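As stored in target.cif (mmCIF, C-alpha atoms):
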data_query
#
loop_
_atom_site.label_atom_id
_atom_site.label_comp_id
_atom_site.auth_asym_id
_atom_site.auth_seq_id
_atom_site.Cartn_x
_atom_site.Cartn_y
_atom_site.Cartn_z
CA MET U 903 39.68 66.14 -40.90
CA GLY U 904 42.26 68.19 -42.75
CA THR U 905 44.85 66.41 -44.85
CA THR U 906 46.76 69.42 -46.11
CA GLY U 907 50.47 70.02 -45.62
CA GLY U 908 53.33 67.65 -44.84
CA PRO U 909 55.44 65.65 -47.26
CA GLY U 910 53.71 62.80 -49.13
CA GLY U 911 54.78 59.19 -49.72
CA ARG U 912 54.78 58.07 -46.09
CA ARG U 913 54.17 54.43 -45.30
CA VAL U 914 50.76 54.99 -43.76
CA GLY U 915 49.51 57.10 -46.61
CA ARG U 916 48.44 60.22 -44.78
CA PRO U 917 50.76 63.20 -44.80
CA ARG U 918 50.67 64.22 -41.18
CA VAL U 919 53.26 62.38 -39.16
CA SER U 920 54.56 65.41 -37.32
CA GLN U 921 51.52 67.61 -37.65
CA ARG U 922 48.27 67.58 -35.69
CA PRO U 923 45.12 67.56 -37.81
CA ASP U 924 42.93 70.64 -37.43
CA SER U 925 39.92 68.71 -36.18
CA GLY U 926 39.61 70.68 -32.96
CA LEU U 927 39.87 67.46 -30.93
CA THR U 928 42.23 67.04 -27.98
CA PRO U 929 45.22 64.77 -28.67
CA ARG U 930 43.59 62.00 -26.62
CA ALA U 931 40.29 62.29 -28.49
CA GLU U 932 42.21 62.31 -31.76
CA LEU U 933 43.91 59.05 -30.74
CA LEU U 934 40.56 57.49 -29.79
CA THR U 935 39.04 58.45 -33.14
CA ALA U 936 42.02 57.05 -35.02
CA ALA U 937 41.92 53.83 -32.98
CA ALA U 938 38.15 53.39 -33.49
CA ASP U 939 38.58 53.74 -37.23
CA LEU U 940 41.57 51.40 -37.47
CA PHE U 941 40.28 48.74 -35.05
CA THR U 942 36.94 48.45 -36.86
CA THR U 943 38.32 48.49 -40.40
CA ARG U 944 41.73 46.79 -40.19
CA GLY U 945 41.25 44.86 -36.96
CA TYR U 946 42.66 45.27 -33.48
CA ALA U 947 45.59 42.82 -33.70
CA ALA U 948 46.60 44.14 -37.12
CA THR U 949 46.78 47.75 -35.92
CA THR U 950 50.06 49.01 -34.47
CA THR U 951 50.47 51.88 -32.03
CA ARG U 952 52.64 53.53 -34.68
CA THR U 953 49.78 53.50 -37.18
CA ILE U 954 47.38 54.96 -34.61
CA ALA U 955 49.84 57.72 -33.71
CA GLU U 956 50.46 58.61 -37.35
CA ARG U 957 46.75 58.66 -38.15
CA ALA U 958 46.26 61.00 -35.19
CA GLY U 959 49.00 63.28 -36.49
CA MET U 960 51.67 62.64 -33.90
CA ARG U 961 54.83 60.59 -33.50
CA GLN U 962 54.61 57.25 -31.71
CA ALA U 963 56.67 58.53 -28.77
CA SER U 964 54.31 61.50 -28.26
CA MET U 965 51.33 59.15 -28.10
CA TYR U 966 52.59 57.78 -24.80
CA HIS U 967 52.12 61.18 -23.19
CA TYR U 968 48.39 60.67 -23.61
CA VAL U 969 47.70 56.92 -23.40
CA SER U 970 49.57 53.84 -22.19
CA GLY U 971 49.00 51.92 -25.43
CA LYS U 972 46.39 50.36 -27.65
CA GLU U 973 44.83 48.29 -24.84
CA GLU U 974 43.88 51.50 -23.04
CA LEU U 975 42.36 52.89 -26.23
CA LEU U 976 40.35 49.68 -26.79
CA ALA U 977 39.16 49.65 -23.16
CA GLU U 978 37.99 53.26 -23.40
CA LEU U 979 36.24 52.68 -26.72
CA LEU U 980 34.44 49.62 -25.34
CA GLU U 981 33.35 51.48 -22.22
CA SER U 982 32.06 54.33 -24.39
CA THR U 983 29.54 51.87 -25.89
CA VAL U 984 27.95 51.09 -22.50
CA THR U 985 28.60 53.97 -20.07
CA PRO U 986 26.09 56.45 -21.59
CA SER U 987 23.39 53.74 -21.59
CA LEU U 988 24.14 52.88 -17.99
CA THR U 989 23.89 56.53 -16.93
CA TYR U 990 20.56 56.78 -18.70
CA ALA U 991 19.41 53.45 -17.22
CA ARG U 992 20.18 54.59 -13.68
CA GLY U 993 17.97 57.62 -14.24
CA LEU U 994 15.17 55.37 -15.50
CA LEU U 995 15.49 53.12 -12.43
CA ALA U 996 15.14 56.14 -10.15
CA ASP U 997 11.98 57.30 -11.94
CA ASP U 998 9.07 56.11 -9.77
CA VAL U 999 6.34 57.79 -11.80
CA THR U 1000 6.58 56.33 -15.32
CA PRO U 1001 5.36 52.71 -15.64
CA ALA U 1002 8.21 50.17 -15.87
CA GLU U 1003 7.03 48.99 -19.29
CA GLY U 1004 7.60 52.46 -20.74
CA ARG U 1005 10.98 52.84 -19.04
CA LEU U 1006 12.20 49.47 -20.33
CA TRP U 1007 11.10 50.42 -23.84
CA GLU U 1008 12.99 53.71 -23.59
CA LEU U 1009 16.14 51.94 -22.41
CA CYS U 1010 15.99 49.52 -25.34
CA ARG U 1011 15.46 52.31 -27.86
CA THR U 1012 18.26 54.45 -26.45
CA ASP U 1013 20.69 51.56 -26.28
CA VAL U 1014 20.07 50.59 -29.92
CA GLU U 1015 20.53 54.20 -30.99
CA LEU U 1016 23.83 54.27 -29.14
CA LEU U 1017 25.07 50.96 -30.57
CA CYS U 1018 24.10 51.86 -34.15
CA GLY U 1019 24.43 55.61 -34.06
CA GLY U 1020 28.13 56.37 -33.99
CA PRO U 1021 30.44 56.57 -37.00
CA HIS U 1022 32.07 53.22 -36.05
CA ASN U 1023 30.48 49.85 -35.25
CA LEU U 1024 32.32 49.59 -31.94
CA GLY U 1025 30.05 46.79 -30.74
CA GLY U 1026 31.90 44.60 -33.20
CA LEU U 1027 34.87 44.82 -30.86
CA TYR U 1028 32.96 42.98 -28.09
CA LEU U 1029 33.88 39.64 -29.60
CA LEU U 1030 37.64 40.17 -29.79
CA PRO U 1031 39.42 37.37 -27.92
CA GLU U 1032 41.63 40.03 -26.33
CA VAL U 1033 38.61 41.51 -24.52
CA ARG U 1034 38.46 38.53 -22.17
CA ALA U 1035 41.65 39.77 -20.45
CA GLU U 1036 41.71 41.27 -16.95
CA ARG U 1037 42.62 44.64 -18.50
CA PHE U 1038 39.00 44.92 -19.68
CA ALA U 1039 37.37 44.14 -16.33
CA GLY U 1040 36.05 47.71 -16.20
CA PHE U 1041 34.14 47.26 -19.45
CA HIS U 1042 32.73 43.91 -18.33
CA ALA U 1043 31.63 45.42 -15.00
CA VAL U 1044 29.79 48.32 -16.68
CA ARG U 1045 28.18 45.95 -19.18
CA ALA U 1046 27.07 43.61 -16.35
CA GLU U 1047 25.58 46.54 -14.45
CA LEU U 1048 23.73 47.69 -17.57
CA LYS U 1049 22.31 44.19 -18.04
CA ASP U 1050 21.27 44.15 -14.40
CA THR U 1051 19.33 47.37 -14.98
CA TYR U 1052 17.43 45.64 -17.76
CA ARG U 1053 16.67 42.83 -15.31
CA GLN U 1054 15.42 45.22 -12.62
CA LEU U 1055 13.21 47.15 -15.04
CA LEU U 1056 11.83 43.88 -16.44
CA ALA U 1057 11.14 42.62 -12.91
CA ALA U 1058 9.22 45.84 -12.20
CA THR U 1059 6.77 45.21 -15.07
CA ASP U 1060 3.57 43.24 -14.45
CA ALA U 1061 4.70 40.43 -16.77
CA GLY U 1062 8.22 40.30 -15.36
CA GLY U 1063 7.05 40.44 -11.75
CA ALA U 1064 5.16 37.18 -12.26
CA LEU U 1065 8.29 35.26 -13.33
CA ALA U 1066 10.41 32.94 -11.18
CA LYS U 1067 14.03 34.09 -10.80
CA SER U 1068 15.50 31.62 -13.29
CA GLU U 1069 12.88 32.56 -15.87
CA LEU U 1070 13.49 36.27 -15.25
CA ASP U 1071 17.23 35.76 -15.78
CA LEU U 1072 16.61 33.89 -19.02
CA ARG U 1073 14.27 36.56 -20.39
CA THR U 1074 16.78 39.23 -19.43
CA ASP U 1075 19.47 37.37 -21.38
CA LEU U 1076 17.22 37.05 -24.43
CA LEU U 1077 16.19 40.69 -24.26
CA PHE U 1078 19.77 41.88 -23.82
CA GLY U 1079 20.84 39.43 -26.56
CA LEU U 1080 18.39 41.04 -28.97
CA ILE U 1081 19.66 44.52 -28.12
CA GLU U 1082 23.33 43.57 -28.53
CA GLY U 1083 22.41 41.44 -31.57
CA VAL U 1084 21.68 44.69 -33.42
CA ILE U 1085 25.46 44.95 -33.73
CA LEU U 1086 25.27 42.09 -36.25
CA VAL U 1087 22.12 43.41 -37.94
CA HIS U 1088 23.65 46.87 -38.24
CA ARG U 1089 26.83 45.40 -39.69
CA SER U 1090 24.79 43.76 -42.47
CA ASP U 1091 22.84 46.91 -43.29
CA PRO U 1092 24.73 50.01 -42.10
CA GLU U 1093 22.63 52.39 -44.22
CA ARG U 1094 19.33 51.69 -42.46
CA PRO U 1095 17.91 54.76 -40.67
CA VAL U 1096 18.69 54.24 -36.99
CA SER U 1097 15.71 55.96 -35.39
CA ALA U 1098 12.88 53.79 -36.77
CA PHE U 1099 15.02 50.67 -36.35
CA ALA U 1100 15.64 51.52 -32.68
CA GLU U 1101 11.89 51.88 -32.07
CA ALA U 1102 11.09 48.61 -33.86
CA THR U 1103 13.76 46.81 -31.82
CA ALA U 1104 12.33 48.22 -28.59
CA ASP U 1105 8.86 46.96 -29.63
CA ALA U 1106 10.36 43.52 -30.35
CA ALA U 1107 12.21 43.50 -27.03
CA LEU U 1108 8.96 44.08 -25.15
CA ARG U 1109 7.32 41.25 -27.09
CA ILE U 1110 10.20 38.96 -26.07
CA ALA U 1111 9.68 40.02 -22.48
CA GLY U 1112 6.04 39.03 -22.79
CA ILE U 1113 4.79 42.60 -22.34
CA MET X 1459 43.46 14.63 -28.48
CA GLY X 1460 46.58 12.71 -27.46
CA THR X 1461 49.65 14.58 -26.28
CA THR X 1462 51.95 11.63 -25.74
CA GLY X 1463 55.31 11.21 -27.41
CA GLY X 1464 57.70 13.73 -28.92
CA PRO X 1465 60.33 15.83 -27.21
CA GLY X 1466 59.07 18.63 -24.90
CA GLY X 1467 60.09 22.28 -24.62
CA ARG X 1468 59.00 23.43 -28.08
CA ARG X 1469 58.02 27.03 -28.66
CA VAL X 1470 54.33 26.32 -29.17
CA GLY X 1471 54.07 24.22 -26.06
CA ARG X 1472 52.73 21.03 -27.57
CA PRO X 1473 55.20 18.29 -28.40
CA ARG X 1474 54.14 17.42 -31.90
CA VAL X 1475 55.83 19.57 -34.49
CA SER X 1476 56.79 16.73 -36.77
CA GLN X 1477 54.29 14.21 -35.55
CA ARG X 1478 50.59 13.90 -36.38
CA PRO X 1479 48.33 13.68 -33.32
CA ASP X 1480 46.42 10.43 -32.98
CA SER X 1481 43.02 12.10 -33.11
CA GLY X 1482 41.83 10.07 -36.09
CA LEU X 1483 41.11 13.29 -38.01
CA THR X 1484 42.27 13.89 -41.58
CA PRO X 1485 45.10 16.43 -41.90
CA ARG X 1486 42.63 19.00 -43.24
CA ALA X 1487 40.22 18.44 -40.35
CA GLU X 1488 43.13 18.64 -37.94
CA LEU X 1489 44.08 22.02 -39.42
CA LEU X 1490 40.49 23.27 -39.15
CA THR X 1491 40.30 22.22 -35.50
CA ALA X 1492 43.60 23.91 -34.72
CA ALA X 1493 42.53 27.08 -36.55
CA ALA X 1494 39.13 27.18 -34.77
CA ASP X 1495 40.84 26.93 -31.41
CA LEU X 1496 43.51 29.53 -32.18
CA PHE X 1497 41.25 32.03 -33.96
CA THR X 1498 38.72 32.03 -31.12
CA THR X 1499 41.23 32.18 -28.27
CA ARG X 1500 44.19 34.19 -29.60
CA GLY X 1501 42.44 36.01 -32.44
CA TYR X 1502 42.63 35.70 -36.19
CA ALA X 1503 45.21 38.38 -36.96
CA ALA X 1504 47.46 37.22 -34.11
CA THR X 1505 47.52 33.61 -35.35
CA THR X 1506 50.22 32.62 -37.84
CA THR X 1507 50.02 29.76 -40.33
CA ARG X 1508 53.08 28.36 -38.61
CA THR X 1509 51.28 28.16 -35.28
CA ILE X 1510 48.28 26.47 -36.91
CA ALA X 1511 50.51 23.92 -38.62
CA GLU X 1512 52.41 23.14 -35.44
CA ARG X 1513 49.21 22.77 -33.42
CA ALA X 1514 47.96 20.37 -36.09
CA GLY X 1515 51.16 18.35 -35.82
CA MET X 1516 52.73 19.19 -39.16
CA ARG X 1517 55.35 21.50 -40.56
CA GLN X 1518 54.27 24.79 -42.12
CA ALA X 1519 55.30 23.65 -45.61
CA SER X 1520 53.17 20.49 -45.33
CA MET X 1521 50.12 22.55 -44.44
CA TYR X 1522 50.06 23.99 -47.95
CA HIS X 1523 49.37 20.54 -49.36
CA TYR X 1524 45.96 20.72 -47.68
CA VAL X 1525 44.92 24.38 -47.59
CA SER X 1526 45.97 27.60 -49.30
CA GLY X 1527 46.39 29.51 -46.03
CA LYS X 1528 44.57 30.86 -43.02
CA GLU X 1529 41.96 32.74 -45.10
CA GLU X 1530 40.76 29.44 -46.52
CA LEU X 1531 40.54 27.97 -43.02
CA LEU X 1532 38.56 30.97 -41.77
CA ALA X 1533 36.21 30.85 -44.76
CA GLU X 1534 35.52 27.16 -44.20
CA LEU X 1535 34.97 27.63 -40.46
CA LEU X 1536 32.54 30.48 -41.10
CA GLU X 1537 30.62 28.48 -43.69
CA SER X 1538 30.42 25.57 -41.26
CA THR X 1539 28.35 27.79 -38.94
CA VAL X 1540 25.64 28.37 -41.57
CA THR X 1541 25.67 25.53 -44.12
CA PRO X 1542 24.07 22.86 -41.87
CA SER X 1543 21.30 25.30 -40.89
CA LEU X 1544 20.71 26.15 -44.53
CA THR X 1545 20.43 22.48 -45.50
CA TYR X 1546 17.95 21.95 -42.70
CA ALA X 1547 16.07 25.13 -43.64
CA ARG X 1548 15.68 24.02 -47.25
CA GLY X 1549 14.08 20.81 -46.00
CA LEU X 1550 11.69 22.82 -43.84
CA LEU X 1551 10.74 25.03 -46.79
CA ALA X 1552 9.89 21.96 -48.86
CA ASP X 1553 7.67 20.53 -46.11
CA ASP X 1554 4.11 21.43 -47.13
CA VAL X 1555 2.41 19.53 -44.31
CA THR X 1556 3.70 21.07 -41.06
CA PRO X 1557 2.33 24.57 -40.29
CA ALA X 1558 4.84 27.35 -41.02
CA GLU X 1559 4.80 28.48 -37.38
CA GLY X 1560 6.16 25.10 -36.25
CA ARG X 1561 8.77 25.00 -39.03
CA LEU X 1562 10.03 28.49 -38.19
CA TRP X 1563 10.30 27.50 -34.52
CA GLU X 1564 12.29 24.39 -35.46
CA LEU X 1565 14.66 26.42 -37.63
CA CYS X 1566 15.29 28.88 -34.78
CA ARG X 1567 15.92 26.09 -32.27
CA THR X 1568 18.25 24.19 -34.60
CA ASP X 1569 20.19 27.30 -35.56
CA VAL X 1570 20.78 28.27 -31.90
CA GLU X 1571 21.90 24.73 -31.09
CA LEU X 1572 24.36 24.93 -33.97
CA LEU X 1573 25.70 28.36 -32.99
CA CYS X 1574 26.11 27.44 -29.32
CA GLY X 1575 26.72 23.73 -29.57
CA GLY X 1576 30.23 23.31 -30.92
CA PRO X 1577 33.42 23.37 -28.89
CA HIS X 1578 34.32 26.84 -30.28
CA ASN X 1579 32.25 30.03 -30.43
CA LEU X 1580 32.82 30.43 -34.17
CA GLY X 1581 30.04 32.99 -34.48
CA GLY X 1582 32.42 35.36 -32.76
CA LEU X 1583 34.41 35.39 -35.98
CA TYR X 1584 31.50 37.00 -37.91
CA LEU X 1585 32.58 40.44 -36.73
CA LEU X 1586 36.20 40.26 -37.85
CA PRO X 1587 36.98 43.17 -40.18
CA GLU X 1588 38.75 40.68 -42.46
CA VAL X 1589 35.42 38.92 -43.15
CA ARG X 1590 34.22 41.84 -45.26
CA ALA X 1591 36.71 40.86 -47.99
CA GLU X 1592 35.71 39.32 -51.33
CA ARG X 1593 37.38 36.07 -50.23
CA PHE X 1594 34.43 35.49 -47.90
CA ALA X 1595 31.69 36.06 -50.47
CA GLY X 1596 30.74 32.37 -50.20
CA PHE X 1597 30.03 32.71 -46.48
CA HIS X 1598 28.03 35.89 -47.01
CA ALA X 1599 25.99 34.24 -49.77
CA VAL X 1600 25.12 31.21 -47.62
CA ARG X 1601 24.24 33.46 -44.68
CA ALA X 1602 22.03 35.63 -46.92
CA GLU X 1603 20.25 32.54 -48.24
CA LEU X 1604 19.70 31.28 -44.70
CA LYS X 1605 18.22 34.64 -43.71
CA ASP X 1606 15.99 34.53 -46.77
CA THR X 1607 14.68 31.15 -45.62
CA TYR X 1608 13.69 32.75 -42.32
CA ARG X 1609 11.89 35.45 -44.32
CA GLN X 1610 10.02 32.90 -46.45
CA LEU X 1611 8.95 30.81 -43.45
CA LEU X 1612 7.85 33.96 -41.61
CA ALA X 1613 5.87 35.10 -44.67
CA ALA X 1614 4.12 31.71 -44.72
CA THR X 1615 2.76 32.16 -41.18
CA ASP X 1616 -0.62 33.81 -40.62
CA ALA X 1617 0.97 36.74 -38.78
CA GLY X 1618 3.78 37.17 -41.33
CA GLY X 1619 1.44 36.86 -44.32
CA ALA X 1620 -0.44 39.95 -43.13
CA LEU X 1621 2.66 42.17 -43.18
CA ALA X 1622 3.71 44.64 -45.88
CA LYS X 1623 7.05 43.81 -47.49
CA SER X 1624 9.07 46.46 -45.62
CA GLU X 1625 7.59 45.31 -42.31
CA LEU X 1626 8.28 41.67 -43.17
CA ASP X 1627 11.91 42.53 -43.95
CA LEU X 1628 12.28 44.40 -40.66
CA ARG X 1629 10.81 41.53 -38.62
CA THR X 1630 13.07 39.09 -40.42
CA ASP X 1631 16.08 41.23 -39.50
CA LEU X 1632 15.00 41.38 -35.85
CA LEU X 1633 14.32 37.67 -35.70
CA PHE X 1634 17.62 36.81 -37.38
CA GLY X 1635 19.32 39.39 -35.13
CA LEU X 1636 18.01 37.59 -32.05
CA ILE X 1637 19.23 34.23 -33.34
CA GLU X 1638 22.70 35.53 -34.19
CA GLY X 1639 22.68 37.60 -31.00
CA VAL X 1640 22.94 34.34 -29.06
CA ILE X 1641 26.60 34.44 -30.06
CA LEU X 1642 27.03 37.30 -27.60
CA VAL X 1643 24.79 35.73 -24.95
CA HIS X 1644 26.65 32.43 -25.24
CA ARG X 1645 29.98 34.20 -24.95
CA SER X 1646 28.88 35.71 -21.62
CA ASP X 1647 27.63 32.40 -20.22
CA PRO X 1648 29.27 29.47 -22.05
CA GLU X 1649 28.24 26.94 -19.36
CA ARG X 1650 24.50 27.31 -19.87
CA PRO X 1651 22.83 24.08 -21.12
CA VAL X 1652 22.24 24.61 -24.84
CA SER X 1653 19.08 22.61 -25.36
CA ALA X 1654 16.71 24.52 -23.04
CA PHE X 1655 18.28 27.83 -24.12
CA ALA X 1656 17.67 26.98 -27.79
CA GLU X 1657 13.99 26.26 -27.09
CA ALA X 1658 13.56 29.47 -25.07
CA THR X 1659 15.19 31.46 -27.87
CA ALA X 1660 12.87 29.88 -30.44
CA ASP X 1661 9.87 30.83 -28.26
CA ALA X 1662 11.20 34.40 -28.03
CA ALA X 1663 11.78 34.54 -31.79
CA LEU X 1664 8.16 33.64 -32.45
CA ARG X 1665 7.02 36.32 -30.02
CA ILE X 1666 9.15 38.86 -31.93
CA ALA X 1667 7.54 37.70 -35.14
CA GLY X 1668 4.14 38.35 -33.58
CA ILE X 1669 3.16 34.67 -33.63
#
Can you present the structure in this file as structure tokens?
Amino acid sequence: MGTTGGPGGRRVGRPRVSQRPDSGLTPRAELLTAAADLFTTRGYAATTTRTIAERAGMRQASMYHYVSGKEELLAELLESTVTPSLTYARGLLADDVTPAEGRLWELCRTDVELLCGGPHNLGGLYLLPEVRAERFAGFHAVRAELKDTYRQLLAATDAGGALAKSELDLRTDLLFGLIEGVILVHRSDPERPVSAFAEATADAALRIAGI
Amino acid sequence: MGTTGGPGGRRVGRPRVSQRPDSGLTPRAELLTAAADLFTTRGYAATTTRTIAERAGMRQASMYHYVSGKEELLAELLESTVTPSLTYARGLLADDVTPAEGRLWELCRTDVELLCGGPHNLGGLYLLPEVRAERFAGFHAVRAELKDTYRQLLAATDAGGALAKSELDLRTDLLFGLIEGVILVHRSDPERPVSAFAEATADAALRIAGI
């Protein structure tokens, strides 16, 4: 992102309060990028809407043309960590040719790549106390549907099909726990190449599932 | 904790600003309990030292007789999530009678019970951006030593002993990722009985390890 132009010495440290950066992003995307960076490095509660607006190169008042506030930005960032996986998972569920074992493995691999692949560790925001609020029901619904897709794919495998419902639910939780647990692993070692790690995690997930 | 006595209508909602609760805890333990509750429900950044002090039944100025501030409380809470497991793990490492497979299983089970067993989901604090700071080096060191104990126990198993170092490190990360991932699973379903879940997670961890 460009940092040229504008007077220096502003409180936030970047000289672009009244000037859009030349990133090519839409104002809304610029706000999301700024929020992702600030929420994951300074923390959600410690970040003000003013700081987000300034980082995105606009005044605070202009920001409200694009978003209702930082809760909306957080909700959209959280949903962006699960929606692509869910779309992919729905396609895998509809595939009645590939064996379920292979489809479950692909879902695990893709999900890990998504969680570890972006420039920000957005999964770290899952544990914010604020995320329990009703405002984030959309995120929780998408995440629950994604988890249910794991359960359905697991149930379609030979090993999963032999399990009682309570045991199937438990294995789904453990499998999904491993996949989301990569958020913590990735946080400890952000430099690890994602691709091989995603495949190893998918292998481990299938071992958990008993496949 | 008792809530009797004291005038009502205070800002924080609990009538004990200048009165210690009759919980039987030391002032420091009272502060830690208050901080654990506030950090996990309202969030770390959103919690003031004043609120912690009032919840613990003392004035803000008195609090500084016992702790240096909320960073110290957070550091101690974080360390409390790993130190008991590390103590237990050191004992397991020194045990040269029980097979390594059984010791690794016991460590997994105990660690999950610890992470899910307390009244607060303190593991959720691991992902706070603030925790990256130098102030929390003690927590990171204890956590790294705990993870290294997992690695050593895994290496002592037949399956782990056959692995190259890079593969052993990766399996350790996945195994430790599953154990810490229970923080997210527990958050989604806090009512689940911990004991059976801890055993199932330990079984799954050994399957990940290839045991």
### Query
Please, which residues of chain U lie no more than 9 Å from chain X when the count uses all atoms listed in the file, and can they be set out as a count of residues only?
42
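Between atom CA of Leu1016 of chain U and atom CA of Asp1569 of chain X lies a distance of 28.0 Å.
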### Message
Report as a PyMOL selection string all protein, DNA and RNA residues lying within 12 Å of Thr1568 of chain X, evaluated on all atoms listed in the file, omitting residues in the same chain fewer than 2 positions from it.
### Response
chain X and resi 1539-1540+1542-1547+1550+1561-1566+1570-1575+1637+1652-1660
### Summary
Expressed in Å, the length from atom CA of Leu975 of chain U to atom CA of Pro1648 of chain X is 27.2 Å
### Pick from U:Gly1004, U:Gly1020, U:Gly1063, U:Gly926, whichever lies nearest to Ala938 of chain U using only C-alpha atoms
U:Gly1020
### Two-atom distance - atom CA of Glu1603 of chain X, atom CA of Glu1530 of chain X (Å)
20.8 Å
### Task
Please evaluate the PyMOL selection byres ((chain U and resi 933) around 10) against the structure above and give the resulting residues as a PyMOL selection string.
chain U and resi 927-932+934-939+951+954-960+965+968-969+972+975
### Query
With distances taken over all atoms listed in the file, which of U:Val1033, U:Ala1066, U:Leu980, U:Ala1058 is nearest to Asp998 of chain U?
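When distances to Asp998 of chain U are compared using all atoms listed in the file, the smallest one comes from U:Ala1058.
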### Query
How would you write, as a PyMOL selection string, the residues chosen by the PyMOL selection byres ((chain U and resi 1053-1056) around 7) on this structure?
chain U and resi 995+1002+1006+1049-1052+1057-1059+1062+1074
Take the residues from that selection and write them out as a PDB file, keeping the file's coordinate frame, keeping C-alpha atoms.
ATOM      1  CA  LEU U 995      15.490  53.120 -12.430  1.00  0.00           C
ATOM      2  CA  ALA U1002       8.210  50.170 -15.870  1.00  0.00           C
ATOM      3  CA  LEU U1006      12.200  49.470 -20.330  1.00  0.00           C
ATOM      4  CA  LYS U1049      22.310  44.190 -18.040  1.00  0.00           C
ATOM      5  CA  ASP U1050      21.270  44.150 -14.400  1.00  0.00           C
ATOM      6  CA  THR U1051      19.330  47.370 -14.980  1.00  0.00           C
ATOM      7  CA  TYR U1052      17.430  45.640 -17.760  1.00  0.00           C
ATOM      8  CA  ALA U1057      11.140  42.620 -12.910  1.00  0.00           C
ATOM      9  CA  ALA U1058       9.220  45.840 -12.200  1.00  0.00           C
ATOM     10  CA  THR U1059       6.770  45.210 -15.070  1.00  0.00           C
ATOM     11  CA  GLY U1062       8.220  40.300 -15.360  1.00  0.00           C
ATOM     12  CA  THR U1074      16.780  39.230 -19.430  1.00  0.00           C
TER      13      THR U1074
END
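Between Ala1064 of chain U and the residues U:Gly971, U:Ile1113, U:Ser982, U:Phe1041, the shortest atom-to-atom distance, using only C-alpha atoms, involves U:Ile1113.
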